[in-house]
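S.K.: Got a file for you: entry_32.tsv, TSV, C-alpha atoms and all ligand atoms.
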```tsv
chain	number	residue	atom	x	y	z
I	1	MET	CA	0.00	0.00	0.00
I	2	ARG	CA	1.28	3.45	-0.90
I	3	GLU	CA	0.47	6.35	1.42
I	4	VAL	CA	0.12	9.78	-0.14
I	5	ALA	CA	-0.31	13.10	1.65
I	6	SER	CA	-0.23	15.64	-1.18
I	7	VAL	CA	-2.74	16.48	-3.90
I	8	ALA	CA	0.03	16.62	-6.52
I	9	GLU	CA	1.33	13.14	-5.68
I	10	LEU	CA	-2.18	11.70	-5.61
I	11	ARG	CA	-2.89	13.06	-9.08
I	12	ASP	CA	0.42	11.62	-10.38
I	13	VAL	CA	-0.24	8.17	-8.94
I	14	LEU	CA	-3.78	8.00	-10.30
I	15	GLU	CA	-2.82	9.37	-13.73
I	16	ALA	CA	-0.12	6.69	-14.02
I	17	ALA	CA	-2.66	4.00	-13.06
I	18	ARG	CA	-5.15	5.28	-15.64
I	19	ARG	CA	-2.47	5.34	-18.36
I	20	GLU	CA	-2.01	1.62	-17.71
I	21	GLY	CA	-5.76	1.12	-18.15
I	22	SER	CA	-6.57	0.54	-14.47
I	23	THR	CA	-10.05	1.28	-13.16
I	24	ILE	CA	-10.24	3.07	-9.81
I	25	GLY	CA	-12.47	2.30	-6.85
I	26	PHE	CA	-12.57	5.06	-4.24
I	27	VAL	CA	-13.60	4.77	-0.57
I	28	PRO	CA	-13.70	8.22	1.09
I	29	THR	CA	-13.59	8.03	4.92
I	30	MET	CA	-12.88	10.05	8.02
I	31	GLY	CA	-10.79	7.20	9.45
I	32	TYR	CA	-11.18	5.16	12.64
I	33	LEU	CA	-11.96	2.34	10.25
I	34	HIS	CA	-14.37	-0.41	11.26
I	35	ALA	CA	-15.80	-3.46	9.52
I	36	GLY	CA	-18.30	-1.25	7.65
I	37	HIS	CA	-15.50	0.73	5.98
I	38	LEU	CA	-13.54	-2.43	5.30
I	39	SER	CA	-16.54	-3.99	3.55
I	40	LEU	CA	-16.51	-0.98	1.18
I	41	VAL	CA	-12.80	-1.52	0.50
I	42	GLU	CA	-13.37	-5.22	-0.16
I	43	ARG	CA	-16.24	-4.47	-2.54
I	44	ALA	CA	-14.11	-1.87	-4.37
I	45	ALA	CA	-11.23	-4.37	-4.61
I	46	SER	CA	-13.56	-6.97	-6.10
I	47	GLU	CA	-14.80	-4.56	-8.80
I	48	CYS	CA	-11.86	-2.27	-9.62
I	49	ASP	CA	-8.14	-2.62	-10.47
I	50	LEU	CA	-6.88	-0.05	-7.97
I	51	VAL	CA	-8.44	0.85	-4.61
I	52	LEU	CA	-7.98	4.38	-3.35
I	53	ALA	CA	-9.13	5.23	0.19
I	54	SER	CA	-8.94	8.62	1.85
I	55	ILE	CA	-8.77	9.49	5.53
I	56	PHE	CA	-9.63	13.10	6.24
I	57	VAL	CA	-11.61	14.41	9.20
I	58	ASN	CA	-13.29	17.21	7.30
I	59	PRO	CA	-13.78	20.30	9.50
I	60	LEU	CA	-16.36	21.76	7.08
I	61	GLN	CA	-18.94	19.14	7.98
I	62	PHE	CA	-18.81	19.72	11.75
I	63	GLY	CA	-20.97	22.48	13.21
I	64	ILE	CA	-19.97	24.77	16.05
I	65	GLY	CA	-19.90	22.77	19.30
I	66	GLU	CA	-19.83	19.40	17.48
I	67	ASP	CA	-17.21	16.71	18.01
I	68	LEU	CA	-14.48	17.76	15.52
I	69	ASP	CA	-11.69	17.75	18.12
I	70	ALA	CA	-12.99	14.66	19.92
I	71	TYR	CA	-13.64	12.68	16.70
I	72	PRO	CA	-11.92	9.29	17.20
I	73	ARG	CA	-8.62	8.87	15.36
I	74	ASP	CA	-6.22	5.92	15.01
I	75	LEU	CA	-4.04	6.41	11.95
I	76	ALA	CA	-1.64	3.57	12.80
I	77	GLY	CA	-4.51	1.09	13.20
I	78	ASP	CA	-6.21	2.44	10.06
I	79	ARG	CA	-3.05	1.92	7.98
I	80	GLU	CA	-2.90	-1.72	9.02
I	81	SER	CA	-6.55	-2.49	8.43
I	82	ALA	CA	-6.68	-0.56	5.14
I	83	GLU	CA	-3.73	-2.52	3.78
I	84	ARG	CA	-5.15	-5.84	4.98
I	85	ALA	CA	-8.53	-5.10	3.36
I	86	GLY	CA	-6.94	-4.31	-0.02
I	87	VAL	CA	-6.30	-0.55	-0.23
I	88	ASP	CA	-3.59	0.22	-2.82
I	89	VAL	CA	-3.35	3.98	-2.31
I	90	LEU	CA	-4.18	5.65	1.02
I	91	PHE	CA	-4.64	9.42	0.75
I	92	VAL	CA	-4.14	11.10	4.13
I	93	PRO	CA	-4.01	14.85	3.53
I	94	SER	CA	-3.60	17.49	6.24
I	95	THR	CA	-6.24	20.18	6.62
I	96	ALA	CA	-3.76	22.68	5.12
I	97	GLU	CA	-3.33	20.42	2.07
I	98	MET	CA	-7.09	20.15	1.52
I	99	TYR	CA	-7.92	23.76	2.40
I	100	PRO	CA	-4.78	25.89	1.90
I	101	GLU	CA	-6.94	29.02	2.10
I	102	PRO	CA	-10.23	29.71	3.87
I	103	VAL	CA	-12.83	27.98	1.71
I	104	ALA	CA	-14.73	30.44	-0.51
I	105	THR	CA	-16.49	27.89	-2.72
I	106	THR	CA	-18.98	25.48	-1.22
I	107	VAL	CA	-21.48	23.04	-2.70
I	108	THR	CA	-25.06	23.07	-1.42
I	109	VAL	CA	-27.53	20.42	-2.50
I	110	ALA	CA	-31.01	21.85	-1.95
I	111	GLY	CA	-34.03	19.70	-1.09
I	112	VAL	CA	-32.53	16.36	-0.21
I	113	SER	CA	-30.09	17.99	2.27
I	114	GLU	CA	-32.71	19.89	4.18
I	115	ARG	CA	-34.68	17.41	6.29
I	116	PHE	CA	-33.57	14.94	8.95
I	117	GLU	CA	-29.79	15.25	9.44
I	118	GLY	CA	-29.91	18.60	7.64
I	119	ALA	CA	-32.52	19.92	10.07
I	120	SER	CA	-30.51	18.81	13.11
I	121	ARG	CA	-27.13	19.84	11.64
I	122	PRO	CA	-27.82	22.74	9.25
I	123	THR	CA	-24.28	23.13	7.81
I	124	HIS	CA	-23.40	19.44	7.74
I	125	PHE	CA	-24.33	18.43	4.20
I	126	ALA	CA	-22.80	21.51	2.56
I	127	GLY	CA	-19.56	20.44	4.29
I	128	VAL	CA	-19.95	16.86	3.07
I	129	ALA	CA	-20.87	17.87	-0.50
I	130	THR	CA	-17.98	20.33	-0.67
I	131	VAL	CA	-15.32	17.86	0.48
I	132	VAL	CA	-16.72	15.02	-1.63
I	133	ALA	CA	-16.79	17.29	-4.72
I	134	LYS	CA	-13.16	18.16	-4.01
I	135	LEU	CA	-12.19	14.51	-3.43
I	136	PHE	CA	-13.92	13.52	-6.69
I	137	SER	CA	-12.07	16.30	-8.50
I	138	LEU	CA	-8.82	14.76	-7.18
I	139	SER	CA	-9.77	11.13	-7.85
I	140	GLY	CA	-11.10	11.74	-11.36
I	141	PRO	CA	-13.43	9.19	-12.97
I	142	CYS	CA	-13.98	6.23	-10.65
I	143	ARG	CA	-16.54	4.16	-8.79
I	144	ALA	CA	-17.02	5.60	-5.29
I	145	TYR	CA	-18.27	3.39	-2.46
I	146	PHE	CA	-20.42	4.70	0.40
I	147	GLY	CA	-22.18	2.91	3.26
I	148	GLU	CA	-25.98	2.94	3.26
I	149	LYS	CA	-25.87	3.59	7.01
I	150	ASP	CA	-25.63	7.26	6.04
I	151	PHE	CA	-28.55	6.98	3.64
I	152	GLN	CA	-29.19	10.71	3.37
I	153	GLN	CA	-25.50	11.36	2.70
I	154	VAL	CA	-25.61	8.90	-0.20
I	155	ALA	CA	-28.72	10.66	-1.59
I	156	VAL	CA	-26.98	14.06	-1.31
I	157	VAL	CA	-23.83	12.79	-3.04
I	158	ARG	CA	-25.84	11.10	-5.81
I	159	ARG	CA	-27.79	14.30	-6.46
I	160	MET	CA	-24.60	16.39	-6.53
I	161	VAL	CA	-22.92	13.97	-8.94
I	162	SER	CA	-25.95	14.05	-11.20
I	163	ASP	CA	-26.48	17.83	-11.11
I	164	LEU	CA	-22.78	18.60	-11.70
I	165	SER	CA	-22.19	15.76	-14.22
I	166	ILE	CA	-19.27	14.48	-12.15
I	167	PRO	CA	-17.85	11.36	-13.85
I	168	VAL	CA	-18.14	9.17	-10.76
I	169	GLU	CA	-20.43	6.19	-10.29
I	170	VAL	CA	-21.78	6.19	-6.72
I	171	VAL	CA	-22.13	2.68	-5.28
I	172	ALA	CA	-24.18	2.33	-2.08
I	173	CYS	CA	-23.28	-0.72	0.02
I	174	PRO	CA	-25.31	-2.45	2.77
I	175	THR	CA	-24.91	-1.36	6.39
I	176	VAL	CA	-22.67	-3.63	8.45
I	177	ARG	CA	-24.12	-4.36	11.91
I	178	GLU	CA	-22.97	-5.66	15.26
I	179	ASP	CA	-24.57	-8.97	16.36
I	180	ASP	CA	-27.31	-7.10	18.25
I	181	GLY	CA	-28.25	-5.02	15.19
I	182	LEU	CA	-26.43	-1.78	16.02
I	183	ALA	CA	-25.16	-0.20	12.79
I	184	MET	CA	-21.37	0.10	12.85
I	185	SER	CA	-20.17	3.68	13.19
I	186	SER	CA	-16.96	5.31	14.38
I	187	ARG	CA	-19.10	7.30	16.84
I	188	ASN	CA	-20.21	4.10	18.64
I	189	ALA	CA	-16.84	4.48	20.44
I	190	TYR	CA	-18.41	7.32	22.47
I	191	LEU	CA	-21.00	5.02	24.13
I	192	ASP	CA	-20.43	3.87	27.72
I	193	PRO	CA	-21.52	0.28	28.56
I	194	ALA	CA	-25.09	1.23	29.58
I	195	GLN	CA	-25.51	3.42	26.50
I	196	ARG	CA	-24.07	0.70	24.28
I	197	ALA	CA	-26.63	-1.75	25.71
I	198	ALA	CA	-29.43	0.71	24.90
I	199	ALA	CA	-28.18	1.61	21.40
I	200	PRO	CA	-29.75	-1.27	19.40
I	201	VAL	CA	-33.18	0.25	20.18
I	202	LEU	CA	-33.00	2.27	16.95
I	203	HIS	CA	-32.55	-0.78	14.76
I	204	ARG	CA	-35.27	-2.58	16.75
I	205	ALA	CA	-37.69	0.27	16.05
I	206	LEU	CA	-36.87	0.31	12.33
I	207	SER	CA	-37.24	-3.48	12.17
I	208	VAL	CA	-40.73	-3.20	13.70
I	209	GLY	CA	-41.65	-0.70	10.95
I	210	GLU	CA	-40.16	-2.88	8.24
I	211	GLN	CA	-42.09	-5.91	9.50
I	212	MET	CA	-45.38	-3.94	9.51
I	213	ILE	CA	-44.86	-2.91	5.89
I	214	ARG	CA	-43.94	-6.46	4.92
I	215	GLU	CA	-47.20	-7.60	6.53
I	216	GLY	CA	-49.17	-5.12	4.44
I	217	VAL	CA	-49.65	-1.98	6.59
I	218	THR	CA	-50.07	0.86	4.10
I	219	HIS	CA	-50.47	3.91	6.35
I	220	ALA	CA	-47.11	5.48	7.11
I	221	ASP	CA	-48.55	7.12	10.24
I	222	GLU	CA	-49.27	3.73	11.82
I	223	VAL	CA	-45.70	2.66	11.12
I	224	ARG	CA	-44.28	5.89	12.55
I	225	VAL	CA	-46.31	5.54	15.75
I	226	ALA	CA	-45.24	1.92	16.27
I	227	MET	CA	-41.55	2.74	15.71
I	228	THR	CA	-41.77	5.73	18.06
I	229	GLU	CA	-43.26	3.54	20.82
I	230	VAL	CA	-40.26	1.21	20.65
I	231	VAL	CA	-37.83	4.10	21.18
I	232	ALA	CA	-40.02	5.67	23.89
I	233	ALA	CA	-39.66	2.44	25.92
I	234	GLU	CA	-35.88	2.89	26.17
I	235	PRO	CA	-35.16	5.48	28.90
I	236	LEU	CA	-31.63	6.27	27.65
I	237	ALA	CA	-32.78	7.08	24.10
I	238	GLU	CA	-34.08	10.48	23.05
I	239	LEU	CA	-35.85	10.41	19.69
I	240	ASP	CA	-34.77	12.83	16.98
I	241	TYR	CA	-36.81	11.42	14.08
I	242	LEU	CA	-38.27	8.20	12.73
I	243	GLU	CA	-39.78	8.48	9.27
I	244	VAL	CA	-41.10	6.59	6.29
I	245	VAL	CA	-39.64	8.27	3.20
I	246	ASP	CA	-39.38	8.07	-0.55
I	247	PRO	CA	-35.90	6.56	-1.15
I	248	VAL	CA	-34.75	9.17	-3.69
I	249	ALA	CA	-36.35	12.51	-2.71
I	250	LEU	CA	-36.30	11.56	0.99
I	251	GLU	CA	-39.76	13.14	1.40
I	252	PRO	CA	-42.01	11.57	4.07
I	253	VAL	CA	-44.77	9.51	2.49
I	254	GLY	CA	-48.43	9.09	3.47
I	255	PRO	CA	-49.89	5.98	1.82
I	256	ILE	CA	-47.13	3.42	1.34
I	257	ARG	CA	-48.79	1.45	-1.44
I	258	VAL	CA	-48.45	4.20	-4.08
I	259	LEU	CA	-44.72	3.74	-3.95
I	260	ALA	CA	-44.58	-0.02	-4.39
I	261	ASP	CA	-42.28	0.31	-7.42
I	262	ARG	CA	-39.90	2.47	-5.39
I	263	PRO	CA	-39.84	0.77	-1.96
I	264	VAL	CA	-39.97	3.25	0.88
I	265	ARG	CA	-37.07	3.61	3.29
I	266	LEU	CA	-37.34	3.84	7.07
I	267	LEU	CA	-34.95	6.43	8.50
I	268	GLY	CA	-34.20	7.19	12.13
I	269	ALA	CA	-31.93	9.07	14.51
I	270	VAL	CA	-31.79	8.96	18.29
I	271	ARG	CA	-29.59	10.62	20.84
I	272	ILE	CA	-28.10	8.41	23.56
I	273	GLY	CA	-26.25	10.60	26.02
I	274	ALA	CA	-24.23	13.00	23.86
I	275	THR	CA	-24.07	10.58	20.91
I	276	ARG	CA	-26.41	10.79	17.92
I	277	LEU	CA	-27.00	7.45	16.24
I	278	LEU	CA	-28.40	7.10	12.71
I	279	ASP	CA	-29.82	4.10	10.99
I	280	ASN	CA	-32.20	3.11	8.21
I	281	VAL	CA	-33.64	0.00	6.63
I	282	GLY	CA	-35.13	-0.76	3.23
I	283	THR	CA	-38.56	-2.29	2.76
I	284	VAL	CA	-40.24	-4.69	0.39
I	285	VAL	CA	-43.85	-3.78	-0.29
I	286	PRO	CA	-46.06	-6.87	-0.63
I	287	ALA	CA	-47.18	-7.34	-4.25
I	288	GLU	CA	-50.91	-6.97	-3.48
I	289	ALA	CA	-50.30	-3.64	-1.68
I	290	GLY	CA	-48.66	-2.11	-4.73
I	291	ARG	CA	-51.53	-2.61	-7.16
I	301	LIG	O1	-19.09	9.39	5.71
I	301	LIG	C1	-18.00	9.96	5.94
I	301	LIG	O2	-17.10	9.38	6.54
I	301	LIG	C2	-17.80	11.39	5.50
I	301	LIG	O3	-18.98	12.12	5.59
I	301	LIG	C3	-17.18	11.52	4.09
I	301	LIG	C4	-18.09	10.96	3.02
I	301	LIG	C5	-15.84	10.78	4.05
I	301	LIG	C6	-16.92	12.99	3.78
I	301	LIG	O4	-16.07	13.58	4.70
```
Would you write out, as structure tokens, the structure that this file holds?
M.R.:
Amino acid sequence: MREVASVAELRDVLEAARREGSTIGFVPTMGYLHAGHLSLVERAASECDLVLASIFVNPLQFGIGEDLDAYPRDLAGDRESAERAGVDVLFVPSTAEMYPEPVATTVTVAGVSERFEGASRPTHFAGVATVVAKLFSLSGPCRAYFGEKDFQQVAVVRRMVSDLSIPVEVVACPTVREDDGLAMSSRNAYLDPAQRAAAPVLHRALSVGEQMIREGVTHADEVRVAMTEVVAAEPLAELDYLEVVDPVALEPVGPIRVLADRPVRLLGAVRIGATRLLDNVGTVVPAEAGR
């Protein structure tokens, strides 16, 4: 594995690979790699000739008072696991390398950025879209792999890529979970043992909603109420949102059956102590409900 810290060297390495006809798979991360990240690397390695991963804790996507300074970091451990999983080029730029001057150009994706995470963290998705646009400008044409755990982030990136005709194919990969259902996330490291025991409540709630839809419930309100009751029963969890949404526009839906050809997604976020946890699950609408 080759580690690269500068934009110029990254461009050289990737240009040389492209000249030899190699296809590039790109896994952008903020480090503190877990099995979810490594599954993206493995998928990229199985589909592309060269795997590029980046580790950059992007200050633009953290709001004032958020956990930028406390964000977990373990570069030595990340190097080892990235290499073992199949990363060929690891891009680890400094903040000065990525943003040599105060950033004057930002990317805002209207609509899909505004609800849910966007409502709780108003500057977050502009920070994500800006850094991902910059990373894609550095990577050039490639397939880029993102975890579905951050479902809204994937929708924002897809919309940006489409609107700006960026020559990158966005590949969304299934969420990797702990045995008790908790979606893997670098921020799970913040949970103390009691909070960790409470954390699977979000996935439990979403699974209740998914089961109701599979059994034919077609009123999104009923599903929302049932999911909310599951979270309300866990004293350590404070609900942010639980919603039934269209999977592309991320708009809440009313009747579920109208969208049978575009299965609705269940999205949720809870706060446990100071930690916000996100999760989502897909649904399969029973055939008879979609007619
Ligand atoms: O999901 C993440 O780790 C980050 O939001 C990303 C996509 C690497 C941009 O900083």
S.K.: Could you give me, as a list in words, the residues within 12 Å of Pro141 of chain I, counting only C-alpha atoms and dropping anything in the same chain fewer than 5 positions from it?
M.R.: Arg11, Leu14, Glu15, Ala17, Arg18, Ser22, Thr23, Ile24, Gly25, Phe26, Leu135, Phe136, Val161, Ser165, Ile166, Pro167, Val168, Glu169 and Val170 of chain I
S.K.: What would the file look like if the residues just selected were written as a PDB file, in the coordinates of the input with C-alpha atoms?
M.R.:
```
ATOM      1  CA  ARG I  11      -2.890  13.060  -9.080  1.00  0.00           C
ATOM      2  CA  LEU I  14      -3.780   8.000 -10.300  1.00  0.00           C
ATOM      3  CA  GLU I  15      -2.820   9.370 -13.730  1.00  0.00           C
ATOM      4  CA  ALA I  17      -2.660   4.000 -13.060  1.00  0.00           C
ATOM      5  CA  ARG I  18      -5.150   5.280 -15.640  1.00  0.00           C
ATOM      6  CA  SER I  22      -6.570   0.540 -14.470  1.00  0.00           C
ATOM      7  CA  THR I  23     -10.050   1.280 -13.160  1.00  0.00           C
ATOM      8  CA  ILE I  24     -10.240   3.070  -9.810  1.00  0.00           C
ATOM      9  CA  GLY I  25     -12.470   2.300  -6.850  1.00  0.00           C
ATOM     10  CA  PHE I  26     -12.570   5.060  -4.240  1.00  0.00           C
ATOM     11  CA  LEU I 135     -12.190  14.510  -3.430  1.00  0.00           C
ATOM     12  CA  PHE I 136     -13.920  13.520  -6.690  1.00  0.00           C
ATOM     13  CA  VAL I 161     -22.920  13.970  -8.940  1.00  0.00           C
ATOM     14  CA  SER I 165     -22.190  15.760 -14.220  1.00  0.00           C
ATOM     15  CA  ILE I 166     -19.270  14.480 -12.150  1.00  0.00           C
ATOM     16  CA  PRO I 167     -17.850  11.360 -13.850  1.00  0.00           C
ATOM     17  CA  VAL I 168     -18.140   9.170 -10.760  1.00  0.00           C
ATOM     18  CA  GLU I 169     -20.430   6.190 -10.290  1.00  0.00           C
ATOM     19  CA  VAL I 170     -21.780   6.190  -6.720  1.00  0.00           C
TER      20      VAL I 170
END
```
S.K.: May I have the residues within 8 Å of ligand LIG 301 (chain I), computed using all atoms listed in the file, as an MDAnalysis selection string?
M.R.: chainID I and resid 27:31 54:58 61 127:129 131:132 146:147 150 153
S.K.: Would you pick out the contacts of Gly36 of chain I at 10 Å or less, using all atoms listed in the file, so that residues sharing its chain but fewer than 2 positions from it are not included, and give the list as a list in words?
M.R.: Leu33, His34, Leu38, Ser39, Leu40, Val41, Phe146, Gly147, Glu148, Lys149, Cys173, Pro174, Thr175, Val176, Arg177, Glu178, Ala183, Met184, Ser185 and Ser186 of chain I
S.K.: What is the atom CA of Val270 of chain I to atom CA of Arg115 of chain I distance in Å?
M.R.: 15.0 Å
S.K.: From (-39.4, 2.2, 6.1), in the file's coordinates, out to 10 Å: which residues are reached, counting all atoms listed in the file? Answer as number ranges by chain.
M.R.: I: 206-214, 220, 223-224, 227, 242-247, 252-253, 256, 263-268, 280-285
S.K.: Select, from I:Pro93, I:Gly77, I:Pro72, I:Gly118, the residue with the minimum atom-to-atom distance to Val4 of chain I, counting all atoms listed in the file.
M.R.: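 Ranking I:Pro93, I:Gly77, I:Pro72, I:Gly118 by distance to Val4 of chain I, first place goes to I:Pro93.
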S.K.: Do you have the atom CA of Ala144 of chain I-atom CA of Val171 of chain I distance handy?
M.R.: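 Between atom CA of Ala144 of chain I and atom CA of Val171 of chain I the gap is 5.9 Å.
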S.K.: State, in Å with one decimal place, the distance from atom CA of Gly140 of chain I to atom CA of Val89 of chain I.
M.R.: 14.2 Å
S.K.: Could you give me, as a PyMOL selection string, the residues within 9 Å of Ser94 of chain I, counting all atoms listed in the file and dropping anything in the same chain fewer than 5 positions from it?
M.R.: chain I and resi 5-6+56+99
S.K.: Phe125 of chain I: which residues within 10 Å, counting all atoms listed in the file, same-chain residues fewer than 2 positions away excluded, as a compact mmCIF listing (two decimals) with C-alpha atoms, keeping the file's coordinate frame?
M.R.:
```txt
# COMPACT_ATOMS: atom_id res chain seq x y z
CA LEU I 60 -16.36 21.76 7.08
CA GLN I 61 -18.94 19.14 7.98
CA PHE I 62 -18.81 19.72 11.75
CA VAL I 107 -21.48 23.04 -2.70
CA THR I 108 -25.06 23.07 -1.42
CA VAL I 109 -27.53 20.42 -2.50
CA ALA I 110 -31.01 21.85 -1.95
CA VAL I 112 -32.53 16.36 -0.21
CA SER I 113 -30.09 17.99 2.27
CA GLU I 114 -32.71 19.89 4.18
CA GLU I 117 -29.79 15.25 9.44
CA GLY I 118 -29.91 18.60 7.64
CA ARG I 121 -27.13 19.84 11.64
CA PRO I 122 -27.82 22.74 9.25
CA THR I 123 -24.28 23.13 7.81
CA GLY I 127 -19.56 20.44 4.29
CA VAL I 128 -19.95 16.86 3.07
CA ALA I 129 -20.87 17.87 -0.50
CA THR I 130 -17.98 20.33 -0.67
CA VAL I 131 -15.32 17.86 0.48
CA GLN I 152 -29.19 10.71 3.37
CA GLN I 153 -25.50 11.36 2.70
CA VAL I 156 -26.98 14.06 -1.31
CA VAL I 157 -23.83 12.79 -3.04
```
S.K.: Which segment 252-278 of chain I residues have any atom within 12 Å of an atom of segment 197-201 of chain I, and for each, what is the nearest pair of atoms with distance in Å to one decimal, counting all atoms listed in the file, rows sorted by chain and number, as a tab-separated table?
M.R.:
```
residue	atom	partner	partner_atom	distance
I:Gly268	CA	I:Val201	CA	10.7
I:Ala269	CA	I:Val201	CA	10.6
I:Val270	CA	I:Ala199	CA	8.8
I:Arg271	CA	I:Ala199	CA	9.1
I:Ile272	CA	I:Ala199	CA	7.1
I:Gly273	CA	I:Ala199	CA	10.3
I:Thr275	CA	I:Ala199	CA	9.9
I:Arg276	CA	I:Ala199	CA	10.0
I:Leu277	CA	I:Ala199	CA	7.9
I:Leu278	CA	I:Ala199	CA	10.3
```
S.K.: Give the answer as one residue: which of I:Phe151, I:Tyr32, I:Tyr145, I:Phe116 has the shortest atom-to-atom distance to Ala44 of chain I, using all atoms listed in the file?
M.R.: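 Smallest distance to Ala44 of chain I is found for I:Tyr145.
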S.K.: Here is a test: counting all atoms listed in the file, which residue of I:Leu239, I:Ala205, I:Ala16, I:Ala35 is nearest to Ala226 of chain I?
M.R.: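 Closest candidate: I:Ala205.
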S.K.: Take every atom of segment 63-71 of chain I listed in the file, pad by 5 Å on each side, and give me the axis-aligned box centre and edge lengths in Å, one decimal, as lines of an AutoDock Vina configuration file.
M.R.:
```
center_x = -16.3
center_y = 18.7
center_z = 16.6
size_x = 19.3
size_y = 22.1
size_z = 16.7
```
S.K.: For a cut-off of 8 Å around (-5.2, 9.4, -5.3), file coordinates, pick out all residues using only C-alpha atoms and list them as a PDB file with C-alpha atoms, in the frame of the given file.
M.R.:
```
ATOM      1  CA  VAL I   4       0.120   9.780  -0.140  1.00  0.00           C
ATOM      2  CA  VAL I   7      -2.740  16.480  -3.900  1.00  0.00           C
ATOM      3  CA  GLU I   9       1.330  13.140  -5.680  1.00  0.00           C
ATOM      4  CA  LEU I  10      -2.180  11.700  -5.610  1.00  0.00           C
ATOM      5  CA  ARG I  11      -2.890  13.060  -9.080  1.00  0.00           C
ATOM      6  CA  ASP I  12       0.420  11.620 -10.380  1.00  0.00           C
ATOM      7  CA  VAL I  13      -0.240   8.170  -8.940  1.00  0.00           C
ATOM      8  CA  LEU I  14      -3.780   8.000 -10.300  1.00  0.00           C
ATOM      9  CA  LEU I  52      -7.980   4.380  -3.350  1.00  0.00           C
ATOM     10  CA  ALA I  53      -9.130   5.230   0.190  1.00  0.00           C
ATOM     11  CA  VAL I  89      -3.350   3.980  -2.310  1.00  0.00           C
ATOM     12  CA  LEU I  90      -4.180   5.650   1.020  1.00  0.00           C
ATOM     13  CA  PHE I  91      -4.640   9.420   0.750  1.00  0.00           C
ATOM     14  CA  LEU I 138      -8.820  14.760  -7.180  1.00  0.00           C
ATOM     15  CA  SER I 139      -9.770  11.130  -7.850  1.00  0.00           C
TER      16      SER I 139
END
```
S.K.: Taking only C-alpha atoms into account, name the residue in I:Glu238, I:Asp261, I:Asp192, I:Glu66 that is nearest to His124 of chain I.
M.R.: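 The answer is I:Glu66, which sits nearest to His124 of chain I.
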S.K.: Check the smallest atom-to-atom distance from each of I:Lys134, I:His219, I:Arg187, I:Arg2 to Val51 of chain I using all atoms listed in the file, then report the winner.
M.R.: I:Arg2
S.K.: When you count only C-alpha atoms, which of these residues is closest to Ala8 of chain I: I:Leu250, I:Val154, I:Met98, I:Ala82?
M.R.: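 Checking each of I:Leu250, I:Val154, I:Met98, I:Ala82 against Ala8 of chain I, counting only C-alpha atoms, the winner is I:Met98.
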